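S.K.: Below you will find the structure I want to go over with you.
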Amino acid sequence: MRFLERLEPLLWALFSAGGTIAALLLPVHVFLNNIAMPLGWFRPDDYDYTHAARLLGHPLVKAYLAVFLVPTLFHAAHRIKLLPHELVLPPSPGIATPIAYLIAAALAIAAVVVIVLAP
């Protein structure tokens, strides 16, 4: 547990960065994918597979997705870790914190690998 205590400032920084990024960028993604596309504001060619694959091949798009996903996953892990406290449930043993962050780290690594290996 001493190791996690020394990592606490870094985890709080990831929580803050993830919350800020999610609050600023997630509404844009929801708007573009769930409102603008069905309303026909884009041509159908703009969101077919070949265009999306070509777009994902650009290094700036890959960097954007990594910066968007990794801190957001750590923010979600922190929120999940604190969920029992917010629901006024009895405190869980100290195993919940490492599990939440290990799952977030595994998902972040998987996301980065998929982003890097994407066409």
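Residues are named by chain letter and number: chains run A, B, ... in the order of the structure tokens, numbers start at 1 in each chain, and ligands are numbered from 1 in the order shown.
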Pick out the residues sitting within 8 Å of stretch 63-74 of chain A, and hand them over as a PyMOL selection string; count only C-alpha atoms, and ignore anything fewer than 3 positions along from it in its own chain.
M.R.: chain A and resi 11+14-15+17-19+21-22+25+59-60+77-78+101+104-105+107-108+111-112+115
S.K.: For the alpha helix (DSSP H) assignment from backbone DSSP, which residues of stretch 1-88 of chain A qualify? Please present them as a PyMOL selection string.
M.R.: chain A and resi 2-31+49-56+59-86
S.K.: Take the residues from that selection and put them in a file with C-alpha atoms, as a short mmCIF file (atom, residue, chain, number, x, y, z; two decimals), in the first residue's frame.
M.R.:
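Here's the written file out_38.cif:
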data_model
loop_
_atom_site.label_atom_id
_atom_site.label_comp_id
_atom_site.auth_asym_id
_atom_site.auth_seq_id
_atom_site.Cartn_x
_atom_site.Cartn_y
_atom_site.Cartn_z
CA ARG A 2 2.97 2.32 0.50
CA PHE A 3 3.54 2.28 -3.25
CA LEU A 4 0.00 3.55 -3.92
CA GLU A 5 0.42 6.31 -1.36
CA ARG A 6 3.43 7.61 -3.26
CA LEU A 7 1.50 7.43 -6.52
CA GLU A 8 -1.50 9.33 -5.16
CA PRO A 9 -0.56 12.79 -6.57
CA LEU A 10 -0.07 11.26 -10.02
CA LEU A 11 -3.41 9.45 -9.81
CA TRP A 12 -5.16 12.67 -8.78
CA ALA A 13 -3.52 14.46 -11.73
CA LEU A 14 -4.77 11.75 -14.10
CA PHE A 15 -8.22 12.01 -12.53
CA SER A 16 -8.28 15.77 -13.04
CA ALA A 17 -6.93 15.61 -16.60
CA GLY A 18 -9.36 12.85 -17.52
CA GLY A 19 -12.33 14.73 -16.13
CA THR A 20 -11.38 17.91 -17.94
CA ILE A 21 -10.77 16.14 -21.24
CA ALA A 22 -14.01 14.18 -20.95
CA ALA A 23 -15.99 17.31 -20.09
CA LEU A 24 -14.58 19.26 -23.02
CA LEU A 25 -14.33 16.65 -25.78
CA LEU A 26 -16.99 14.02 -25.09
CA PRO A 27 -19.92 16.38 -25.89
CA VAL A 28 -18.29 17.14 -29.25
CA HIS A 29 -18.05 13.43 -30.07
CA VAL A 30 -21.65 12.84 -28.99
CA PHE A 31 -22.86 15.78 -31.08
CA TYR A 49 -15.09 2.68 -43.51
CA THR A 50 -12.45 3.71 -46.04
CA HIS A 51 -12.59 7.36 -45.00
CA ALA A 52 -12.45 6.46 -41.30
CA ALA A 53 -9.50 4.11 -41.87
CA ARG A 54 -7.63 6.78 -43.85
CA LEU A 55 -8.38 9.34 -41.13
CA LEU A 56 -7.19 7.00 -38.38
CA PRO A 59 -0.49 10.50 -36.73
CA LEU A 60 -2.30 13.55 -35.30
CA VAL A 61 -5.58 11.64 -35.12
CA LYS A 62 -3.82 8.77 -33.37
CA ALA A 63 -2.26 11.17 -30.87
CA TYR A 64 -5.62 12.87 -30.31
CA LEU A 65 -7.35 9.55 -29.62
CA ALA A 66 -4.62 8.49 -27.19
CA VAL A 67 -4.79 11.83 -25.36
CA PHE A 68 -8.58 11.54 -25.28
CA LEU A 69 -8.87 7.92 -24.14
CA VAL A 70 -6.04 7.30 -21.64
CA PRO A 71 -6.80 10.06 -19.08
CA THR A 72 -10.54 9.44 -19.48
CA LEU A 73 -10.02 5.78 -18.54
CA PHE A 74 -8.12 6.75 -15.39
CA HIS A 75 -10.85 9.24 -14.51
CA ALA A 76 -13.42 6.47 -14.88
CA ALA A 77 -11.32 4.14 -12.69
CA HIS A 78 -11.23 6.73 -9.92
CA ARG A 79 -14.98 7.30 -10.15
CA ILE A 80 -15.61 3.54 -10.02
CA LYS A 81 -13.28 3.24 -7.02
CA LEU A 82 -15.32 5.86 -5.14
CA LEU A 83 -18.72 4.52 -6.21
CA PRO A 84 -19.41 2.50 -3.01
CA HIS A 85 -18.68 5.58 -0.88
CA GLU A 86 -21.01 7.72 -2.98
#
S.K.: Mind pulling up the distance from atom CA of A:Ile35 to atom CA of A:Asp48?
M.R.: 16.7 Å
S.K.: My list of candidates is A:Leu89, A:Tyr47, A:Val114, A:Thr97. Which is closest to A:Asn33 when distances are computed with only C-alpha atoms?
M.R.: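 Using only C-alpha atoms, the shortest distance to A:Asn33 belongs to A:Tyr47.
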S.K.: Between atom CA of A:Ile109 and atom CA of A:Leu32, what is the distance in Å, rounded to a tenth?
M.R.: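 If I compute the distance from atom CA of A:Ile109 to atom CA of A:Leu32, I get 26.2 Å.
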S.K.: Could you please determine the separation between atom CA of A:Asp46 and atom CA of A:Asn34 in Å, to one decimal place?
M.R.: 14.6 Å
